[in-house]
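Source file: protein17.cif. Holds: mmCIF, C-alpha atoms.
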```cif
data_protein
loop_
_atom_site.label_atom_id
_atom_site.label_comp_id
_atom_site.auth_asym_id
_atom_site.auth_seq_id
_atom_site.Cartn_x
_atom_site.Cartn_y
_atom_site.Cartn_z
CA MET A 1 53.73 27.93 44.16
CA LYS A 2 50.37 26.43 43.28
CA THR A 3 47.54 26.64 45.80
CA GLU A 4 44.56 24.28 45.54
CA LEU A 5 41.50 26.18 44.32
CA LYS A 6 38.20 25.44 46.01
CA PHE A 7 35.83 23.34 43.85
CA ASP A 8 32.43 22.14 45.13
CA PHE A 9 29.84 20.28 43.09
CA LEU A 10 26.58 19.52 44.87
CA VAL A 11 23.41 17.87 43.60
CA ASP A 12 20.18 18.64 45.45
CA LYS A 13 17.73 16.02 44.24
CA GLU A 14 14.87 17.55 46.21
CA LYS A 15 15.27 20.99 44.65
CA ASN A 16 16.26 19.61 41.23
CA SER A 17 19.37 21.74 41.30
CA ILE A 18 23.11 21.52 40.80
CA THR A 19 25.39 23.96 42.62
CA VAL A 20 28.94 24.55 41.42
CA LYS A 21 31.31 26.70 43.50
CA ARG A 22 34.77 27.52 42.28
CA GLU A 23 37.53 29.93 43.28
CA PHE A 24 39.70 31.66 40.70
CA ALA A 25 43.10 33.26 41.19
CA ALA A 26 42.10 36.53 39.56
CA ARG A 27 40.24 39.70 40.46
CA ARG A 28 36.47 39.81 40.07
CA GLN A 29 36.32 42.16 37.06
CA LEU A 30 38.52 39.83 35.02
CA VAL A 31 36.54 36.69 35.98
CA TRP A 32 33.32 38.56 35.14
CA ASP A 33 34.71 39.56 31.72
CA CYS A 34 35.56 35.93 30.99
CA HIS A 35 31.93 35.00 31.62
CA THR A 36 30.34 37.81 29.66
CA LYS A 37 32.49 38.60 26.59
CA ARG A 38 32.23 36.37 23.54
CA GLU A 39 35.91 36.46 22.58
CA LEU A 40 36.84 35.31 26.10
CA LEU A 41 34.01 32.74 26.48
CA ASP A 42 35.20 31.13 23.24
CA ARG A 43 38.54 30.43 24.90
CA TRP A 44 37.29 28.36 27.85
CA PHE A 45 33.62 27.41 28.05
CA ALA A 46 33.55 24.04 26.26
CA PRO A 47 35.20 21.15 28.13
CA LYS A 48 38.22 19.65 26.36
CA PRO A 49 38.54 18.24 23.75
CA LEU A 50 35.60 20.35 22.55
CA THR A 51 35.92 23.99 21.53
CA THR A 52 33.46 26.88 21.86
CA LYS A 53 32.10 28.80 18.87
CA THR A 54 29.90 31.85 19.44
CA LYS A 55 27.36 32.73 16.77
CA HIS A 56 25.60 35.56 18.61
CA MET A 57 26.23 37.38 21.87
CA GLU A 58 24.30 40.24 23.33
CA PHE A 59 25.02 40.51 27.03
CA ARG A 60 22.11 42.62 28.28
CA ASN A 61 18.74 41.96 29.93
CA GLY A 62 16.67 40.20 27.26
CA GLY A 63 19.72 39.42 25.14
CA TYR A 64 21.22 35.99 24.57
CA TRP A 65 24.36 33.99 23.88
CA HIS A 66 24.05 31.47 21.02
CA TYR A 67 27.01 29.13 20.88
CA ALA A 68 28.14 25.66 19.91
CA MET A 69 30.41 23.19 21.61
CA VAL A 70 32.29 21.51 18.77
CA THR A 71 34.00 18.11 18.84
CA PRO A 72 37.43 17.61 17.20
CA ASP A 73 35.68 15.89 14.25
CA GLY A 74 33.41 18.89 13.73
CA GLN A 75 30.15 17.80 15.35
CA ALA A 76 28.44 20.83 16.92
CA PHE A 77 26.12 20.87 19.95
CA TRP A 78 24.14 24.12 19.85
CA ASN A 79 22.99 25.87 23.01
CA ARG A 80 21.46 29.17 23.91
CA LEU A 81 21.57 31.17 27.14
CA ASP A 82 18.94 33.91 27.51
CA TYR A 83 19.93 36.67 29.94
CA GLN A 84 17.10 37.73 32.23
CA THR A 85 18.70 39.93 34.90
CA ILE A 86 22.24 41.30 34.93
CA ASN A 87 23.94 43.03 37.87
CA PRO A 88 27.55 43.87 36.90
CA ILE A 89 29.85 42.54 38.40
CA ASP A 90 27.84 40.68 41.09
CA GLY A 91 25.86 38.20 39.02
CA TYR A 92 23.27 37.34 36.42
CA LEU A 93 20.20 35.15 35.91
CA ALA A 94 19.75 33.28 32.67
CA LEU A 95 17.71 30.53 31.03
CA ASP A 96 19.59 27.83 29.11
CA GLY A 97 18.25 25.71 26.30
CA PHE A 98 19.05 23.25 23.56
CA CYS A 99 18.65 24.81 20.12
CA ASP A 100 19.62 24.42 16.48
CA GLU A 101 22.17 26.29 14.40
CA GLY A 102 19.58 28.99 13.72
CA GLY A 103 19.11 29.58 17.45
CA ILE A 104 15.59 28.11 17.52
CA ILE A 105 14.99 26.56 20.94
CA ASN A 106 13.79 22.94 20.98
CA PRO A 107 10.45 23.27 22.85
CA ASP A 108 10.38 19.55 23.74
CA LEU A 109 13.47 19.82 25.91
CA PRO A 110 13.64 21.37 29.37
CA ARG A 111 15.25 24.73 30.07
CA ALA A 112 17.14 25.23 33.30
CA ARG A 113 17.54 28.54 35.15
CA TRP A 114 21.10 29.64 35.90
CA ASP A 115 21.88 31.83 38.89
CA VAL A 116 25.53 32.87 38.60
CA SER A 117 27.12 35.06 41.29
CA PHE A 118 30.59 36.52 41.78
CA ALA A 119 32.17 37.39 45.15
CA ASP A 120 35.57 38.63 46.34
CA VAL A 121 37.63 36.26 48.48
CA LEU A 122 40.64 38.36 49.43
CA GLU A 123 42.25 39.11 46.03
CA TRP A 124 40.56 36.10 44.47
CA THR A 125 37.07 35.48 43.14
CA LEU A 126 34.45 32.90 44.09
CA VAL A 127 31.93 32.00 41.37
CA THR A 128 28.74 30.19 42.41
CA THR A 129 26.53 28.74 39.68
CA ILE A 130 23.19 27.19 40.60
CA VAL A 131 21.39 25.36 37.81
CA PHE A 132 17.69 24.84 38.61
CA TYR A 133 15.37 22.51 36.74
CA ASN A 134 11.61 22.93 37.14
CA SER A 135 10.87 19.32 38.10
CA PRO A 136 12.38 15.84 38.43
CA GLU A 137 10.79 15.11 35.04
CA ASP A 138 12.80 17.95 33.50
CA VAL A 139 16.03 16.54 34.92
CA GLN A 140 15.11 13.18 33.44
CA LYS A 141 14.65 14.78 30.02
CA ALA A 142 18.02 16.48 30.29
CA ILE A 143 19.61 13.14 31.16
CA ASP A 144 17.91 11.50 28.17
CA MET A 145 19.12 14.28 25.90
CA GLY A 146 22.66 13.83 27.13
CA LEU A 147 22.55 10.15 26.30
CA LYS A 148 20.82 10.47 22.94
CA ASP A 149 22.65 13.34 21.29
CA GLY A 150 26.03 11.66 21.35
CA LEU A 151 27.61 14.03 23.83
CA ALA A 152 27.66 11.16 26.31
CA SER A 153 30.40 9.31 24.44
CA THR A 154 32.56 12.42 24.48
CA LEU A 155 31.86 12.78 28.15
CA GLU A 156 32.90 9.22 28.82
CA ARG A 157 36.36 10.24 27.79
CA LEU A 158 36.08 13.00 30.38
CA ASP A 159 35.09 10.42 32.95
CA GLU A 160 38.20 8.45 32.11
CA LEU A 161 40.24 11.60 32.50
CA LEU A 162 38.62 12.19 35.85
CA ASN A 163 39.36 8.66 36.98
CA VAL A 164 43.00 9.24 36.11
CA ILE A 165 43.00 12.33 38.30
CA GLY A 166 41.24 10.23 40.93
CA ALA A 167 38.55 12.72 41.84
CA PRO A 168 35.54 11.21 43.61
CA VAL A 169 32.03 12.00 42.42
CA GLU A 170 30.30 14.00 45.11
CA SER A 171 26.55 14.13 45.08
CA ALA A 172 24.10 14.32 47.90
CA MET B 1 20.75 2.09 24.83
CA ALA B 2 17.00 2.73 24.81
CA ASN B 3 16.46 0.52 27.82
CA TYR B 4 19.27 2.18 29.63
CA SER B 5 17.78 5.68 29.31
CA VAL B 6 14.32 4.53 30.39
CA GLU B 7 15.89 3.02 33.46
CA LEU B 8 17.77 6.21 34.23
CA ASP B 9 14.59 8.19 33.69
CA SER B 10 12.53 6.63 36.38
CA THR B 11 15.54 6.33 38.65
CA PHE B 12 15.85 10.07 38.95
CA HIS B 13 12.18 10.44 39.76
CA ALA B 14 12.49 7.75 42.43
CA LEU B 15 15.43 9.55 44.05
CA ALA B 16 13.68 12.94 44.12
CA ASP B 17 11.79 11.88 47.27
CA PRO B 18 13.46 12.09 50.73
CA THR B 19 11.81 8.93 52.11
CA ARG B 20 12.94 6.89 49.14
CA ARG B 21 16.45 8.33 49.37
CA ALA B 22 16.59 7.36 53.06
CA VAL B 23 15.53 3.82 52.17
CA ILE B 24 18.30 3.61 49.55
CA GLN B 25 20.84 4.93 52.04
CA ARG B 26 19.80 2.32 54.58
CA LEU B 27 20.01 -0.46 52.00
CA CYS B 28 23.55 0.62 51.08
CA ARG B 29 24.51 -0.94 54.43
CA GLY B 30 22.88 -4.28 53.51
CA PRO B 31 19.45 -5.95 53.07
CA ALA B 32 16.62 -5.05 55.48
CA THR B 33 13.02 -6.07 56.09
CA VAL B 34 10.18 -3.70 55.20
CA SER B 35 9.34 -3.18 58.88
CA GLU B 36 12.97 -2.29 59.66
CA LEU B 37 12.97 0.17 56.76
CA ALA B 38 9.65 1.72 57.78
CA GLU B 39 10.57 2.12 61.43
CA PRO B 40 12.26 5.58 61.27
CA PHE B 41 9.25 7.06 59.44
CA ASP B 42 6.04 8.38 60.92
CA MET B 43 4.00 6.93 58.10
CA ALA B 44 1.24 4.35 57.69
CA LEU B 45 2.50 1.07 56.27
CA PRO B 46 0.41 1.25 53.06
CA SER B 47 1.95 4.69 52.28
CA PHE B 48 5.41 3.36 52.98
CA MET B 49 4.76 0.34 50.76
CA LYS B 50 3.98 2.73 47.88
CA HIS B 51 7.53 4.12 48.18
CA VAL B 52 8.94 0.61 48.24
CA GLY B 53 6.84 -0.13 45.14
CA VAL B 54 8.28 2.88 43.26
CA LEU B 55 11.84 1.85 44.12
CA GLU B 56 11.18 -1.70 43.07
CA GLY B 57 9.49 -0.55 39.85
CA THR B 58 12.60 1.37 38.80
CA GLY B 59 14.88 -1.57 39.53
CA LEU B 60 16.77 0.26 42.26
CA ILE B 61 15.82 -2.40 44.81
CA ARG B 62 14.28 -5.85 44.74
CA SER B 63 12.32 -7.60 47.47
CA LYS B 64 11.55 -11.18 48.39
CA LYS B 65 8.80 -12.47 50.64
CA SER B 66 9.44 -15.34 53.00
CA GLY B 67 6.42 -16.22 55.11
CA ARG B 68 5.16 -12.86 56.41
CA ILE B 69 8.47 -11.09 56.12
CA ARG B 70 9.52 -9.10 53.05
CA THR B 71 13.23 -8.37 52.71
CA CYS B 72 14.60 -5.63 50.43
CA THR B 73 18.00 -5.57 48.73
CA LEU B 74 19.74 -2.76 46.84
CA GLU B 75 20.53 -3.21 43.14
CA HIS B 76 23.89 -1.45 43.09
CA LYS B 77 24.26 -1.54 39.31
CA ASN B 78 21.10 0.51 38.69
CA LEU B 79 21.93 3.08 41.32
CA ALA B 80 25.31 3.63 39.66
CA ALA B 81 23.54 4.43 36.36
CA ALA B 82 21.62 7.29 38.00
CA GLU B 83 24.79 8.76 39.45
CA ARG B 84 26.60 8.63 36.14
CA TRP B 85 24.90 11.65 34.67
CA PHE B 86 25.83 13.74 37.70
CA GLY B 87 29.39 12.51 37.39
CA GLU B 88 29.40 13.72 33.79
CA GLN B 89 28.03 17.12 34.75
CA ARG B 90 30.71 17.42 37.40
CA ALA B 91 33.39 16.48 34.87
CA ILE B 92 32.17 19.16 32.44
CA TRP B 93 32.38 21.93 35.05
CA LYS B 94 35.72 20.77 36.39
CA ASN B 95 37.24 20.62 32.94
CA ARG B 96 35.72 23.91 31.79
CA TYR B 97 37.04 25.71 34.88
CA GLN B 98 40.52 24.34 34.34
CA ASN B 99 40.38 26.01 30.91
CA LEU B 100 39.35 29.23 32.64
CA ASP B 101 42.30 28.96 35.05
CA SER B 102 44.69 28.87 32.09
CA LEU B 103 42.96 31.77 30.39
CA LEU B 104 43.00 33.90 33.57
CA GLU B 105 46.67 33.14 34.03
CA LYS B 106 47.40 34.39 30.50
CA LEU B 107 45.26 37.51 30.94
CA ASN B 108 46.85 38.28 34.31
CA ARG B 109 50.30 38.04 32.74
CA VAL B 110 49.34 40.50 29.97
CA ASP B 111 47.94 42.80 32.70
CA HIS B 112 51.23 42.78 34.61
CA GLU B 113 53.31 43.41 31.50
CA ASN B 114 51.32 46.53 30.64
#
```

Rewrite the structure of this file - the entire thing - as structure tokens.
Amino acid sequence: MKTELKFDFLVDKEKNSITVKREFAARRQLVWDCHTKRELLDRWFAPKPLTTKTKHMEFRNGGYWHYAMVTPDGQAFWNRLDYQTINPIDGYLALDGFCDEGGIINPDLPRARWDVSFADVLEWTLVTTIVFYNSPEDVQKAIDMGLKDGLASTLERLDELLNVIGAPVESA
Amino acid sequence: MANYSVELDSTFHALADPTRRAVIQRLCRGPATVSELAEPFDMALPSFMKHVGVLEGTGLIRSKKSGRIRTCTLEHKNLAAAERWFGEQRAIWKNRYQNLDSLLEKLNRVDHEN
């Protein structure tokens, strides 16, 4: 008995934003915990075949999550998410960023603002994530980064996977 | 690789504007003259030509003049490059959330057993 879970991915080129909406077959507290506790984040956040490794997590206003997405051959892509406003268990605002292993943010690369919200849908949970970039130029830099740092080749394998599943790319 | 990213760069900037996006959408249906493309817009021709210039500069479209008529054509290959990054972002979220489905299923099971 498997019901299709809602998944929307929308690109707004005018607002420089990406909106991801997804339903989960679990109650809101549990979905919230999975987004905010390091031991749970480490079990899902990186797309396969990468794994997640948390170096630092302090989930409070002004705190941050410092983590790596690691390829099977050990290459690590370090990121940092700075928490700005947290409203348990409704949502949080955060600022992402590319950084090094020491957690030092690369000032030459853009940071996007994440607005993540959680809502009840009957017994299930809807998570809406909006990723905002400051300008089209910032999106361009993020694209460049994706191509240069080698993550793109890993992602191509994801693309292949997606083609196998036959999912169309929606963007408007 | 370097050329490719430069191309993608300016492509995103070009697509950030609604007029230019409308032009691209129109050209998806086939080539059109500049006056046909400009018709839906309440805009002076020189302003409209600037948009056409940006699109042409990024390689998203090309145009050819024959007598007094300039016809524009979409470069499908370059448009696909711009969309690729969004496709990758979509793939990341889709894949990541499938991981979360599995994790939630496990956690729910533990919940029920206790």

Convert the output of the PyMOL selection byres ((chain A) within 6 of (chain B)) on the shown file into explicit residues, formatted as a CSV table (one decimal) with C-alpha atoms, in the frame of the given file.
```
chain,number,residue,atom,x,y,z
A,13,LYS,CA,17.7,16.0,44.2
A,14,GLU,CA,14.9,17.6,46.2
A,44,TRP,CA,37.3,28.4,27.8
A,45,PHE,CA,33.6,27.4,28.0
A,46,ALA,CA,33.6,24.0,26.3
A,47,PRO,CA,35.2,21.2,28.1
A,136,PRO,CA,12.4,15.8,38.4
A,140,GLN,CA,15.1,13.2,33.4
A,144,ASP,CA,17.9,11.5,28.2
A,169,VAL,CA,32.0,12.0,42.4
```

The PyMOL selection byres ((chain B and resi 56) around 12) resolved against shown file, as a list in words: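 Answer for the PyMOL selection byres ((chain B and resi 56) around 12): Glu7, Ser10, Thr11, Ala14, Arg20, Val23, Ile24, Met49, Lys50, His51, Val52, Gly53, Val54, Leu55, Gly57, Thr58, Gly59, Leu60, Ile61, Arg62, Ser63, Lys64, Thr71, Cys72, Thr73, Leu74, Glu75, Asn78 and Leu79 of chain B.
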
Spatial neighbours of Ile130 (chain A), 12 Å, all atoms listed in the file, chain gap at least 3 places, as a ChimeraX atom specification: /A:8-12,15-22,91-95,112-118,127,133 /B:93

One-decimal distance in Å that lies between CA of Tyr67 (chain A) and CA of Pro49 (chain A):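 These atoms are spaced 16.1 Å apart.
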
Between CA of Asp111 (chain B) and CA of Arg28 (chain A) - distance in Å to one decimal: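 If I compute the distance from CA of Arg28 (chain A) to CA of Asp111 (chain B), I get 14.0 Å.
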
Enumerate, as a PDB file with C-alpha atoms, in the frame of the given file, the residues matched when the PyMOL selection byres ((chain A and resi 61) around 7) is run on the file above.
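Heads up, here's the output in expr-v5.pdb:
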```
ATOM      1  CA  ARG A  60      22.110  42.620  28.280  1.00  0.00           C
ATOM      2  CA  GLY A  62      16.670  40.200  27.260  1.00  0.00           C
ATOM      3  CA  GLY A  63      19.720  39.420  25.140  1.00  0.00           C
ATOM      4  CA  TYR A  83      19.930  36.670  29.940  1.00  0.00           C
ATOM      5  CA  GLN A  84      17.100  37.730  32.230  1.00  0.00           C
ATOM      6  CA  THR A  85      18.700  39.930  34.900  1.00  0.00           C
ATOM      7  CA  ILE A  86      22.240  41.300  34.930  1.00  0.00           C
TER       8      ILE A  86
END
```

Nearest candidate to Arg70 (chain B) (options B:Cys28, B:Leu37, B:Ser47, B:Asp42; using only C-alpha atoms): B:Leu37

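The interatomic distance for the pair CA of Asp100 (chain A) and CA of Thr51 (chain A) works out to 17.1 Å.
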
Taking all listed atoms of region 37-43 of chain B, build the axis-aligned box, pad each of the six sides by 3 Å, then write its centre and edge lengths in Å to one decimal as JSON.
```
{"center_x": 8.5, "center_y": 4.3, "center_z": 59.1, "size_x": 15.0, "size_y": 14.2, "size_z": 10.7}
```

Test item: which residues lie within 10 Å of (21.8, 31.0, 24.2) counting only C-alpha atoms, as a list in words: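 Nearby residues: Thr54, Lys55, His56, Met57, Glu58, Gly63, Tyr64, Trp65, His66, Tyr67, Ala68, Trp78, Asn79, Arg80, Leu81, Asp82, Tyr83, Ala94, Leu95, Asp96, Gly97, Phe98, Cys99, Gly103, Ile104 and Ile105 of chain A.
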